[in-house]
Every structure is written in C-alpha cells, then in structure tokens.
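Below: entry34.cif (mmCIF, C-alpha atoms and all ligand atoms)
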data_work
#
loop_
_atom_site.label_atom_id
_atom_site.label_comp_id
_atom_site.auth_asym_id
_atom_site.auth_seq_id
_atom_site.Cartn_x
_atom_site.Cartn_y
_atom_site.Cartn_z
CA MET A 228 34.64 -152.92 -82.89
CA ASN A 229 33.64 -154.36 -86.25
CA GLU A 230 36.90 -154.92 -88.16
CA ARG A 231 35.12 -154.49 -91.46
CA LEU A 232 33.79 -151.04 -90.59
CA ALA A 233 35.78 -148.08 -91.99
CA LYS A 234 37.62 -146.27 -89.20
CA ARG A 235 36.45 -142.89 -90.50
CA THR A 236 32.88 -143.72 -89.48
CA GLU A 237 33.98 -143.57 -85.83
CA GLY A 238 34.62 -139.85 -86.16
CA ILE A 239 31.19 -139.10 -87.64
CA SER A 240 28.95 -137.81 -84.87
CA PRO A 241 25.37 -139.03 -84.55
CA PHE A 242 22.51 -136.60 -84.92
CA TYR A 243 20.94 -136.52 -81.45
CA VAL A 244 17.84 -134.88 -82.82
CA MET A 245 17.19 -138.06 -84.82
CA GLU A 246 16.77 -139.88 -81.52
CA LEU A 247 14.20 -137.26 -80.58
CA LEU A 248 12.55 -137.66 -83.94
CA ARG A 249 12.30 -141.41 -83.42
CA ARG A 250 10.56 -140.78 -80.10
CA THR A 251 8.17 -138.22 -81.65
CA LYS A 252 7.05 -140.92 -84.10
CA GLU A 253 6.38 -143.34 -81.24
CA LEU A 254 4.43 -140.72 -79.32
CA GLU A 255 2.45 -139.74 -82.40
CA ALA A 256 1.63 -143.41 -83.00
CA GLN A 257 0.17 -143.41 -79.47
CA GLY A 258 -2.07 -140.48 -80.48
CA ARG A 259 -0.08 -137.67 -78.82
CA ASP A 260 -0.06 -134.24 -80.49
CA ILE A 261 3.59 -133.32 -81.07
CA ILE A 262 4.64 -129.79 -82.05
CA HIS A 263 7.69 -130.03 -84.30
CA MET A 264 10.26 -127.29 -83.80
CA GLU A 265 13.27 -129.57 -84.24
CA ILE A 266 13.46 -129.83 -88.03
CA GLY A 267 15.31 -127.47 -90.36
CA GLU A 268 12.79 -127.71 -93.15
CA PRO A 269 10.27 -125.10 -94.33
CA ASP A 270 6.68 -126.19 -93.68
CA PHE A 271 5.45 -124.59 -96.93
CA PRO A 272 4.96 -127.02 -99.80
CA THR A 273 7.01 -126.54 -102.98
CA LEU A 274 5.34 -123.85 -105.14
CA PRO A 275 2.83 -125.38 -107.59
CA THR A 276 4.58 -123.74 -110.57
CA ILE A 277 7.85 -125.41 -109.59
CA VAL A 278 6.13 -128.77 -109.08
CA GLU A 279 4.43 -128.41 -112.49
CA ALA A 280 7.74 -127.67 -114.22
CA GLY A 281 9.21 -130.87 -112.74
CA LEU A 282 6.12 -132.89 -113.69
CA LYS A 283 6.10 -131.50 -117.21
CA GLN A 284 9.61 -132.83 -117.74
CA ILE A 285 8.69 -136.18 -116.20
CA ARG A 286 5.73 -136.49 -118.60
CA THR A 287 8.02 -136.15 -121.62
CA GLY A 288 9.75 -139.31 -120.46
CA GLU A 289 13.06 -137.59 -121.23
CA ILE A 290 14.60 -138.19 -117.85
CA LYS A 291 18.10 -138.85 -119.07
CA TYR A 292 21.42 -137.80 -117.57
CA THR A 293 22.18 -134.12 -118.05
CA ALA A 294 25.74 -132.78 -118.35
CA ALA A 295 27.61 -133.51 -115.10
CA ALA A 296 27.76 -129.81 -114.22
CA GLY A 297 24.04 -129.41 -114.82
CA LEU A 298 21.66 -128.04 -117.46
CA PRO A 299 23.34 -125.10 -119.21
CA GLU A 300 20.13 -123.05 -118.94
CA LEU A 301 20.03 -123.62 -115.17
CA ARG A 302 23.69 -122.63 -114.80
CA ASP A 303 22.87 -119.49 -116.81
CA LYS A 304 19.95 -118.67 -114.52
CA ILE A 305 22.19 -119.11 -111.48
CA ALA A 306 24.81 -116.80 -113.03
CA ASN A 307 22.07 -114.26 -113.73
CA PHE A 308 20.85 -114.59 -110.14
CA TYR A 309 24.31 -113.48 -108.92
CA LEU A 310 24.26 -110.53 -111.27
CA GLN A 311 20.78 -109.45 -110.11
CA GLN A 312 21.20 -110.14 -106.40
CA TYR A 313 24.84 -109.25 -105.77
CA SER A 314 26.03 -107.41 -108.92
CA VAL A 315 28.76 -109.98 -109.49
CA THR A 316 29.59 -111.73 -112.74
CA VAL A 317 30.20 -115.47 -112.41
CA ALA A 318 31.35 -117.44 -115.46
CA GLN A 319 29.00 -120.36 -116.21
CA GLU A 320 31.97 -122.80 -116.14
CA ARG A 321 32.47 -122.08 -112.43
CA ILE A 322 28.89 -123.12 -111.56
CA PHE A 323 28.02 -126.76 -110.81
CA VAL A 324 24.46 -127.95 -110.20
CA THR A 325 24.57 -130.52 -107.39
CA PRO A 326 22.29 -132.79 -105.32
CA GLY A 327 21.65 -130.11 -102.69
CA ALA A 328 24.22 -128.11 -100.75
CA SER A 329 25.29 -131.50 -99.38
CA GLY A 330 26.36 -132.60 -102.86
CA ALA A 331 28.10 -129.25 -103.35
CA PHE A 332 30.17 -129.85 -100.22
CA LEU A 333 31.20 -133.29 -101.40
CA LEU A 334 32.54 -131.80 -104.64
CA ALA A 335 34.19 -128.78 -103.00
CA LEU A 336 35.97 -130.84 -100.36
CA GLY A 337 36.75 -133.70 -102.73
CA ALA A 338 38.46 -131.26 -105.07
CA SER A 339 40.43 -129.37 -102.43
CA LEU A 340 41.08 -131.36 -99.24
CA ASN A 341 43.87 -133.88 -98.70
CA PRO A 342 43.82 -136.49 -95.90
CA GLY A 343 45.03 -135.01 -92.63
CA GLU A 344 44.38 -131.42 -93.65
CA GLU A 345 42.31 -129.36 -91.32
CA LEU A 346 39.44 -126.89 -91.75
CA LEU A 347 38.52 -124.19 -89.28
CA MET A 348 34.87 -123.66 -88.48
CA ALA A 349 32.74 -122.03 -85.83
CA ASP A 350 31.35 -123.86 -82.81
CA PRO A 351 28.32 -123.96 -82.87
CA CYS A 352 27.80 -124.89 -86.51
CA TYR A 353 25.82 -127.22 -88.79
CA PRO A 354 27.22 -130.69 -87.96
CA CYS A 355 27.08 -132.33 -91.40
CA ASN A 356 29.63 -129.88 -92.78
CA SER A 357 32.27 -131.05 -90.33
CA ASN A 358 31.29 -134.68 -90.89
CA PHE A 359 31.93 -134.21 -94.62
CA VAL A 360 35.46 -133.11 -93.79
CA LYS A 361 35.95 -136.34 -91.83
CA LEU A 362 34.60 -138.35 -94.75
CA PHE A 363 37.59 -137.12 -96.76
CA ASP A 364 39.88 -138.03 -93.86
CA GLY A 365 40.37 -134.37 -93.08
CA LYS A 366 40.10 -132.80 -89.64
CA THR A 367 38.01 -130.00 -88.27
CA LYS A 368 39.19 -127.51 -85.72
CA THR A 369 36.24 -125.76 -84.19
CA ILE A 370 36.56 -122.24 -82.84
CA PRO A 371 34.22 -121.29 -79.98
CA VAL A 372 32.21 -118.22 -80.96
CA ASP A 373 29.73 -116.16 -79.05
CA ALA A 374 27.48 -113.15 -79.33
CA SER A 375 30.44 -110.74 -79.35
CA ASN A 376 31.24 -111.86 -82.94
CA ASN A 377 27.67 -112.62 -84.11
CA TYR A 378 28.53 -116.31 -83.45
CA GLN A 379 30.75 -116.07 -86.55
CA LEU A 380 34.49 -116.21 -87.27
CA THR A 381 36.73 -113.18 -87.69
CA GLY A 382 40.09 -112.62 -89.40
CA LYS A 383 41.68 -112.38 -85.96
CA LEU A 384 40.29 -115.74 -84.83
CA ILE A 385 41.34 -117.35 -88.11
CA LYS A 386 44.93 -116.14 -87.65
CA GLN A 387 44.94 -117.25 -84.03
CA TYR A 388 43.81 -120.82 -84.80
CA TRP A 389 45.67 -121.36 -88.10
CA THR A 390 48.42 -124.00 -87.97
CA PRO A 391 50.62 -125.57 -90.69
CA ALA A 392 48.00 -128.36 -90.97
CA THR A 393 45.20 -125.91 -91.76
CA LYS A 394 43.88 -125.92 -95.31
CA GLY A 395 41.05 -123.47 -95.05
CA VAL A 396 38.01 -121.99 -93.37
CA LEU A 397 34.34 -122.82 -93.63
CA ILE A 398 31.68 -120.31 -92.67
CA ALA A 399 27.89 -120.51 -92.82
CA SER A 400 25.97 -117.25 -92.80
CA PRO A 401 23.16 -116.93 -91.84
CA SER A 402 24.22 -119.62 -89.44
CA ASN A 403 22.52 -122.84 -88.52
CA PRO A 404 21.85 -123.03 -85.49
CA THR A 405 22.14 -119.36 -84.46
CA GLY A 406 20.50 -117.57 -87.42
CA THR A 407 23.14 -114.85 -87.10
CA ILE A 408 24.95 -113.21 -89.98
CA ILE A 409 28.63 -112.49 -90.48
CA SER A 410 29.07 -108.72 -90.92
CA ALA A 411 30.39 -107.47 -94.26
CA ASP A 412 33.61 -106.34 -92.52
CA GLN A 413 34.07 -109.69 -90.78
CA LEU A 414 33.48 -111.53 -94.06
CA GLU A 415 35.86 -109.37 -96.06
CA GLU A 416 38.56 -109.61 -93.39
CA SER A 417 38.14 -113.40 -93.11
CA ILE A 418 38.43 -113.90 -96.88
CA ARG A 419 41.44 -111.57 -97.10
CA THR A 420 43.15 -113.41 -94.24
CA VAL A 421 42.64 -116.83 -95.86
CA ASN A 422 43.67 -115.61 -99.32
CA GLN A 423 46.83 -114.02 -97.92
CA ILE A 424 47.83 -117.32 -96.31
CA GLY A 425 46.96 -119.17 -99.51
CA GLY A 426 44.19 -121.34 -98.03
CA CYS A 427 40.70 -122.24 -99.24
CA PHE A 428 37.59 -120.32 -98.21
CA TYR A 429 34.23 -122.10 -98.25
CA SER A 430 31.07 -120.02 -97.80
CA ASP A 431 27.82 -121.87 -97.08
CA GLU A 432 25.17 -119.40 -98.27
CA ILE A 433 22.19 -121.76 -98.16
CA TYR A 434 20.13 -119.36 -95.98
CA HIS A 435 20.94 -116.24 -97.97
CA GLY A 436 17.40 -115.78 -99.28
CA LEU A 437 16.04 -115.91 -95.73
CA VAL A 438 17.30 -112.69 -94.14
CA TYR A 439 15.21 -110.22 -92.19
CA GLY A 440 17.40 -107.15 -91.98
CA GLU A 441 19.99 -105.72 -94.31
CA LYS A 442 20.83 -107.73 -97.42
CA THR A 443 23.67 -110.21 -96.83
CA LYS A 444 26.88 -110.04 -98.85
CA SER A 445 28.01 -113.07 -100.81
CA ALA A 446 31.65 -114.10 -100.44
CA LEU A 447 31.81 -113.62 -104.24
CA GLU A 448 31.45 -109.86 -103.72
CA PHE A 449 34.91 -109.87 -102.14
CA SER A 450 36.83 -112.47 -104.11
CA ASP A 451 36.62 -114.96 -106.97
CA ASN A 452 38.97 -117.18 -105.05
CA VAL A 453 36.24 -118.77 -102.87
CA PHE A 454 33.95 -121.79 -102.90
CA VAL A 455 30.30 -120.78 -102.57
CA ILE A 456 27.73 -123.40 -101.60
CA ASN A 457 24.01 -122.76 -102.05
CA SER A 458 20.81 -124.72 -102.56
CA PHE A 459 17.20 -124.70 -103.66
CA SER A 460 16.27 -126.39 -100.36
CA LYS A 461 15.52 -123.54 -97.99
CA PHE A 462 14.49 -120.18 -99.54
CA PHE A 463 13.14 -121.93 -102.65
CA GLY A 464 11.34 -124.57 -100.53
CA MET A 465 12.65 -127.63 -102.39
CA THR A 466 14.34 -129.78 -99.72
CA GLY A 467 13.34 -133.17 -101.10
CA TRP A 468 14.09 -132.37 -104.75
CA ARG A 469 17.79 -132.52 -103.89
CA VAL A 470 19.13 -129.71 -105.99
CA GLY A 471 21.68 -127.06 -105.11
CA TRP A 472 24.81 -125.53 -106.55
CA LEU A 473 28.49 -124.92 -106.07
CA ILE A 474 30.68 -122.12 -107.41
CA VAL A 475 34.40 -122.88 -107.51
CA PRO A 476 37.54 -120.79 -108.12
CA GLU A 477 38.65 -121.11 -111.74
CA GLU A 478 41.62 -123.38 -111.01
CA PHE A 479 39.22 -126.01 -109.53
CA ILE A 480 36.86 -126.27 -112.52
CA ASP A 481 38.42 -129.33 -114.17
CA ALA A 482 38.90 -131.30 -110.96
CA THR A 483 35.34 -130.53 -109.84
CA GLU A 484 33.96 -131.60 -113.22
CA LYS A 485 35.78 -134.95 -113.00
CA LEU A 486 34.41 -135.56 -109.50
CA ALA A 487 30.86 -134.61 -110.53
CA GLN A 488 31.04 -137.05 -113.46
CA ASN A 489 32.22 -139.86 -111.23
CA ILE A 490 30.29 -139.31 -108.01
CA PHE A 491 26.81 -138.27 -109.19
CA ILE A 492 27.01 -138.41 -113.02
CA ALA A 493 24.40 -135.65 -112.79
CA THR A 494 21.77 -134.12 -110.50
CA ALA A 495 18.23 -135.50 -110.95
CA THR A 496 16.99 -134.19 -114.31
CA HIS A 497 13.37 -133.37 -113.35
CA SER A 498 14.62 -131.55 -110.24
CA GLN A 499 16.82 -129.36 -112.43
CA TYR A 500 13.84 -128.51 -114.66
CA ALA A 501 11.79 -127.74 -111.55
CA ALA A 502 14.59 -125.49 -110.26
CA LEU A 503 14.53 -123.52 -113.53
CA ALA A 504 10.98 -122.46 -112.67
CA ALA A 505 12.12 -121.26 -109.23
CA PHE A 506 13.73 -118.19 -110.85
CA ASP A 507 10.50 -117.15 -112.52
CA PRO A 508 9.61 -113.59 -111.33
CA ASN A 509 6.16 -114.71 -110.09
CA ALA A 510 7.74 -117.56 -108.13
CA LEU A 511 10.27 -115.18 -106.59
CA THR A 512 7.43 -112.84 -105.53
CA GLU A 513 5.62 -115.73 -103.88
CA LEU A 514 8.82 -116.88 -102.14
CA GLU A 515 9.32 -113.33 -100.91
CA HIS A 516 5.89 -113.53 -99.20
CA ARG A 517 7.03 -116.69 -97.48
CA ARG A 518 10.20 -114.96 -96.34
CA ALA A 519 8.05 -112.17 -94.87
CA GLU A 520 5.99 -114.82 -93.03
CA PHE A 521 9.18 -116.30 -91.56
CA GLN A 522 10.12 -112.83 -90.34
CA ILE A 523 6.77 -112.48 -88.52
CA ARG A 524 7.33 -115.90 -86.95
CA ARG A 525 10.87 -114.97 -85.95
CA ASP A 526 9.62 -111.83 -84.19
CA PHE A 527 6.90 -113.80 -82.40
CA LEU A 528 9.20 -116.58 -81.21
CA TYR A 529 12.03 -114.27 -80.23
CA GLN A 530 9.77 -112.25 -77.91
CA ALA A 531 8.00 -115.32 -76.53
CA LEU A 532 11.28 -117.04 -75.59
CA LEU A 533 12.67 -113.89 -73.99
CA ASP A 534 9.46 -113.52 -71.98
CA LEU A 535 9.86 -117.09 -70.72
CA GLY A 536 13.41 -116.38 -69.55
CA PHE A 537 15.56 -117.85 -72.32
CA GLY A 538 18.73 -115.96 -73.19
CA ILE A 539 19.06 -114.73 -76.79
CA PRO A 540 21.95 -112.24 -76.83
CA ILE A 541 21.52 -111.34 -80.52
CA LYS A 542 18.25 -111.20 -82.39
CA PRO A 543 18.79 -113.68 -85.26
CA GLU A 544 18.74 -111.96 -88.62
CA GLY A 545 18.27 -114.95 -90.91
CA ALA A 546 17.49 -118.66 -91.49
CA PHE A 547 14.57 -120.02 -89.41
CA TYR A 548 16.22 -120.86 -86.10
CA ILE A 549 16.63 -119.37 -82.66
CA TYR A 550 19.50 -120.73 -80.57
CA ALA A 551 18.41 -120.04 -77.04
CA ASP A 552 20.34 -120.17 -73.78
CA CYS A 553 18.36 -122.40 -71.42
CA SER A 554 20.86 -122.35 -68.53
CA LYS A 555 18.25 -120.71 -66.32
CA PHE A 556 16.34 -123.99 -66.45
CA THR A 557 18.93 -126.75 -66.89
CA ASP A 558 22.59 -127.75 -67.12
CA ASP A 559 21.77 -130.51 -69.58
CA SER A 560 19.99 -129.19 -72.65
CA TYR A 561 19.66 -132.68 -74.20
CA GLN A 562 17.80 -133.98 -71.14
CA PHE A 563 15.75 -130.76 -71.18
CA ALA A 564 14.74 -131.46 -74.80
CA LEU A 565 13.91 -135.11 -74.02
CA ASP A 566 11.87 -134.20 -70.94
CA LEU A 567 10.03 -131.42 -72.75
CA LEU A 568 9.07 -133.86 -75.48
CA GLU A 569 7.83 -136.49 -73.01
CA ALA A 570 5.96 -134.07 -70.76
CA GLU A 571 4.50 -131.57 -73.22
CA GLY A 572 4.99 -132.94 -76.72
CA VAL A 573 7.21 -130.11 -77.97
CA ALA A 574 10.25 -131.23 -80.01
CA ILE A 575 13.38 -129.03 -80.17
CA ALA A 576 17.04 -129.73 -81.02
CA PRO A 577 19.70 -129.97 -78.28
CA GLY A 578 22.83 -127.80 -78.42
CA LYS A 579 25.14 -130.81 -78.60
CA ASP A 580 24.02 -131.44 -82.16
CA PHE A 581 25.89 -128.30 -83.15
CA GLY A 582 29.17 -128.54 -81.26
CA ALA A 583 30.63 -128.69 -77.79
CA TYR A 584 31.04 -125.09 -76.72
CA GLU A 585 28.34 -124.24 -74.14
CA ALA A 586 26.24 -126.91 -75.87
CA ASN A 587 24.62 -128.11 -72.64
CA HIS A 588 23.22 -124.63 -72.13
CA TYR A 589 21.58 -124.20 -75.52
CA VAL A 590 18.67 -125.55 -77.51
CA ARG A 591 17.59 -124.72 -81.06
CA PHE A 592 14.01 -123.82 -81.95
CA ALA A 593 13.00 -123.92 -85.65
CA TYR A 594 10.14 -121.57 -86.55
CA THR A 595 9.01 -123.70 -89.45
CA ILE A 596 5.44 -123.98 -88.13
CA SER A 597 2.49 -121.58 -87.99
CA ILE A 598 2.16 -118.87 -85.34
CA ASP A 599 -0.88 -120.72 -83.95
CA ARG A 600 1.15 -123.89 -83.39
CA MET A 601 4.07 -121.90 -81.99
CA SER A 602 1.74 -120.13 -79.64
CA LEU A 603 0.52 -123.49 -78.33
CA ALA A 604 4.15 -124.67 -78.07
CA MET A 605 4.97 -121.62 -75.93
CA GLN A 606 2.03 -122.35 -73.59
CA ARG A 607 3.26 -125.92 -73.17
CA LEU A 608 6.85 -124.76 -72.70
CA GLU A 609 5.75 -122.33 -70.01
CA LYS A 610 3.88 -125.10 -68.19
CA PHE A 611 6.97 -127.33 -68.39
CA ILE A 612 9.31 -124.65 -67.06
CA ARG A 613 6.97 -123.62 -64.24
CA LYS A 614 6.77 -127.24 -63.06
CA GLY A 615 10.58 -127.16 -62.91
C1 LIG B 1 23.92 -124.71 -92.97
C2 LIG B 1 23.43 -125.80 -93.86
N1 LIG B 1 24.19 -126.18 -94.91
C3 LIG B 1 23.81 -127.18 -95.73
C4 LIG B 1 22.63 -127.87 -95.52
C5 LIG B 1 22.26 -129.01 -96.46
O1 LIG B 1 21.21 -128.64 -97.31
P1 LIG B 1 20.75 -129.41 -98.63
O2 LIG B 1 19.33 -129.83 -98.39
O3 LIG B 1 20.79 -128.37 -99.73
O4 LIG B 1 21.66 -130.52 -98.89
C6 LIG B 1 21.80 -127.52 -94.43
C7 LIG B 1 20.55 -128.26 -94.16
O5 LIG B 1 19.91 -128.11 -93.15
C8 LIG B 1 22.22 -126.46 -93.59
O6 LIG B 1 21.48 -126.08 -92.53
#

Could you express the structure from this file as structure tokens?
Amino acid sequence: MNERLAKRTEGISPFYVMELLRRTKELEAQGRDIIHMEIGEPDFPTLPTIVEAGLKQIRTGEIKYTAAAGLPELRDKIANFYLQQYSVTVAQERIFVTPGASGAFLLALGASLNPGEELLMADPCYPCNSNFVKLFDGKTKTIPVDASNNYQLTGKLIKQYWTPATKGVLIASPSNPTGTIISADQLEESIRTVNQIGGCFYSDEIYHGLVYGEKTKSALEFSDNVFVINSFSKFFGMTGWRVGWLIVPEEFIDATEKLAQNIFIATATHSQYAALAAFDPNALTELEHRRAEFQIRRDFLYQALLDLGFGIPIKPEGAFYIYADCSKFTDDSYQFALDLLEAEGVAIAPGKDFGAYEANHYVRFAYTISIDRMSLAMQRLEKFIRKG
C-alpha cells in the first residue's frame, strides 16, 4: 500500500469495461473488426447547428469565465424547458450549469453530504454516482432491485433500509444499466418518504429525453425539495462538450454557488453557447428523430436477444441499454464478455460494473450503433453461444 495514496481511493471501484475497452483497442490495432456495444455514448455526431454555435463563440475570442452558475440566458432556457416539458416553474437561481451531470453530482453531494453519511441507491446502478459519494467520504448502501419494482426503489424499500446514518436517496430513471423507469407512483412515494424523514432526494434525470413509452415525470413535479441532475450529454448528443445542469432546493443555493466558484469557476464558455442552440425548435425536432431511431434499435435488439435466449423480464422504456440475463449461458458474465470479445469481436459491459446483486448473471448491451451493425453483432453472438 502506497502511504501517500489517499485512503478514499481504495473504495473507488474500477470500471471493468475499461479493461475490455483496452483489449478492443489492441484487437483493432491487429486489424480485427470490433462491434462496440459497451459504451454509453450516442453514435450520432453533435448536431451541426450546435457545433456552429460553439464555433461562433470561439471565433469571437471571447472565451472568458462566465458566472459560476452559468450563462443567465442558458439558465433561462433550462427554466423554460421545465415549464414546457413538465409544466413546473423553476427559479433561475436554483439552476446551475455544470461540467456534465458528473459536475452536477460533485456540487450536489459537496453541498449536502457530510463524511460518514450514507446514501441509498439501487443495485444495479450507474457506478460513478456511488463513487462520487465515496469521494466525499460518504457511504453508499445499495438496495437489490429486480423486475418486480422496475429495477427501481420504492418508498417501502427506502423505509426498510433507512438507518440513523442515512442522509438521502439517489435514483436514476431511466436507469443505467436497465433502461427501466420508476413509475410516477413509485417516484412520488419515494420523494414523500424521504421528505417526511427530512433527508435529501437526488434524481438523476440524464436519460429523460430518451424514453419510448409514456412521458417520464421529473422529481420536480412532486416537490421543490429535491436535487435534479441532468445533462446535454445523452439526448442532446453532446458528451464531450461537458455541459449539464443541477437544480437544487432553495436552501442550498448559496452553498452550491460557493462550491461552483471554487471547484470549476465556470463550465466551458463555448460549450455553454453551444448548449443554448440545443433548445432551438429545429434542433429539438432533429433530436426527436434520433430518439425515434433509438426506439427502433431498442425494439430490434430486445427481440433479437430474447430470440437468442437472454432473459429480459421488463422491456426497457428508456436510455439506450438492455440489461440482459445471461445465466442460461454462463455463471460468470465478466468472463462471458471477455470471451465474446476474443472469439467474435463483440464488446459488451459485464454486470459487475453496475453492482453486486446477480451481477454475474447479467451483461449490458448499448444500442448506440446502427441496426446493420447490431444485426451482425447478433449473428456473431449466436455463433458464440452455439459453440458453448
Ligand atoms: C446515469 C448516468 N448519470 C450520469 C452520467 C454522467 O454523464 P455526463 O456525461 O453528463 O457527466 C452518466 C453517463 O453515462 C449516466 O449514465
């Protein structure tokens, strides 16, 4: 053990899929054709109008710090987005523009979590969120969830797992890795439960634009006393621009502002100007076409995996992932993913990247590639499975 290394880094779990990614690069360097279904990133390029808006600002040379909470006009647009999409009014002061949802989490947890305090979250879930908690010397208590609750938390589960050390609850809906959505009743009950106890409720709504059934409710439709995390990365197709946002309860505004000033000073200026263009009606229409394309891909992949014998108890309603039960083929989903990559050149993410519960029986497929490529991936997967 390196004495100079901070102890908290021991608790941060590695991303196993990065190991896979490293191997894909080696195989590609050897000339192998690798089909990438492991990465949570839309394959579509950023819309040209958004790129142009960012470039236009760069050309002015005025790439100075903005206000720590972000450009006022962008905060206004975000407030307006909530009015249009969810019929809720959010005061501009509660909105912080951040370097992605990741930056939003740093501010939300920095402003609300004390060392030793614990957050409840679902298992499986997106691993970075729980690693952020550890970064602030907090603890995570994961709650195993399954298809019976849409792989999401409920008020009952929250009550059951809450202890005096618990500070709050973090949900992500649509979920990464399962793509499932918390029902409106589950969400309302969960928020009510946390508010009654006096805890903090964090809602990761980064996949909200990417839903394929009924419109999803924002936590803000049920309470102002919630942290809402969102981003331009996924629906808006701007992963590398590093721009997202955070909405905080009123009592956290000043503390969040101080943290934003100190930690980031501001989010990248040209990215904020680019994000302004993302709310343009023509851009939103174009993004809606992309959403429809994701839905077609979801339907294709869902059926193809079922036909091959994978278990998918709930048809995912959002994001761009299918979390599939592969226990018919293996008891070690990580080895399964490694072997599939070596034998057939198809890269997928192992369950253990998302938690411990039943992780060895699950793998995550991202449908962030064309139907043609997915079709080829399914042929290779079938060959791999048949060989046993
Ligand atoms: C559930 C979830 N939350 C947050 C993030 C972080 O996104 P960002 O690029 O906005 O930092 C991701 C990225 O994959 C995610 O899947």

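Remark: for Pro577 in chain A, the closest of the candidate residues A:Tyr434, A:Phe242, A:Thr466, A:Leu310 is A:Phe242 (distances computed over all atoms listed in the file).
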
(Q) Using all atoms listed in the file, which protein or nucleic acid residues come within 10 Å of Asn376 in chain A? Drop anything in the same chain fewer than 6 positions from it, and give the result as a PyMOL selection string. (A) chain A and resi 407-410+413

As lines of an AutoDock Vina configuration file, what would the box around ligand LIG 1 (chain B) look like: edges along x, y and z, 6 Å added on every side, centre and edge lengths in Å to one decimal?
center_x = 21.8
center_y = -127.6
center_z = -96.1
size_x = 16.9
size_y = 17.8
size_z = 19.2

Q.
At a cut-off of 7 Å around the point (27.8, -126.9, -83.6) (file coordinates), what residues fall inside when counting only C-alpha atoms? I'd like the answer as a ChimeraX atom specification.
A. /A:350-354,579-583

Q.
Neighbouring residues of range 257-260 of chain A were defined as those with any atom within 10 Å, considering all atoms listed in the file; residues of the same chain fewer than 4 positions away were excluded. Please report them as a list of chain:residue names.
A.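 Here the qualifying residues turn out to be A:Thr251, A:Lys252, A:Glu253, A:Glu569, A:Glu571, A:Gly572, A:Val573.
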
Q: Report as a list in words which protein, DNA and RNA residues come within 6 Å of ligand LIG 1 (chain B), using all atoms listed in the file.
A: Gly267, Gly327, Ala328, Ser329, Tyr353, Ala399, Asn403, Ile433, Ser458, Ser460, Thr466 and Gly471 of chain A

Q: Record the distance separating CA of Gly297 in chain A and CA of Phe459 in chain A, expressed in Å with one decimal.
A: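 So the answer is 13.9 Å.
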
Determine, counting only C-alpha atoms, which protein, DNA and RNA residues have an atom within 8 Å of an atom of range 380-390 of chain A; residues of the same chain fewer than 4 positions away are not included. Present the result as a PDB file with C-alpha atoms, in the frame of the given file.
ATOM      1  CA  LEU A 347      38.520-124.190 -89.280  1.00  0.00           C
ATOM      2  CA  MET A 348      34.870-123.660 -88.480  1.00  0.00           C
ATOM      3  CA  ALA A 349      32.740-122.030 -85.830  1.00  0.00           C
ATOM      4  CA  ILE A 370      36.560-122.240 -82.840  1.00  0.00           C
ATOM      5  CA  VAL A 372      32.210-118.220 -80.960  1.00  0.00           C
ATOM      6  CA  ASN A 376      31.240-111.860 -82.940  1.00  0.00           C
ATOM      7  CA  VAL A 396      38.010-121.990 -93.370  1.00  0.00           C
ATOM      8  CA  ILE A 398      31.680-120.310 -92.670  1.00  0.00           C
ATOM      9  CA  ILE A 409      28.630-112.490 -90.480  1.00  0.00           C
ATOM     10  CA  GLN A 413      34.070-109.690 -90.780  1.00  0.00           C
ATOM     11  CA  LEU A 414      33.480-111.530 -94.060  1.00  0.00           C
ATOM     12  CA  GLU A 416      38.560-109.610 -93.390  1.00  0.00           C
ATOM     13  CA  SER A 417      38.140-113.400 -93.110  1.00  0.00           C
ATOM     14  CA  ILE A 418      38.430-113.900 -96.880  1.00  0.00           C
ATOM     15  CA  ARG A 419      41.440-111.570 -97.100  1.00  0.00           C
ATOM     16  CA  THR A 420      43.150-113.410 -94.240  1.00  0.00           C
ATOM     17  CA  VAL A 421      42.640-116.830 -95.860  1.00  0.00           C
TER      18      VAL A 421
END

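In this comparison, which uses only C-alpha atoms, the residue of A:Glu432, A:Glu289, A:Asp599, A:Asp303 approaching Ala318 in chain A most closely is A:Asp303.
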
**Q.** Minimum-distance residue to Ala570 in chain A, chosen among A:Val475, A:Ile266, A:Leu274, A:Ile261 (using only C-alpha atoms)
**A.**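 Nearest candidate to Ala570 in chain A out of A:Val475, A:Ile266, A:Leu274, A:Ile261: A:Ile261.
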
**Q.** 9 Å contact set for Phe556 in chain A, all atoms listed in the file, chain neighbours under 5 positions out, as JSON, numbers by chain
**A.** {"A": [536, 537, 563, 588, 612, 615]}

Q: Tell me which of A:Val315, A:Met601, A:Val470, A:Ala593 sits closest to Glu448 in chain A, counting all atoms listed in the file.
A: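 With all atoms listed in the file as the atom set, the closest residue is A:Val315.
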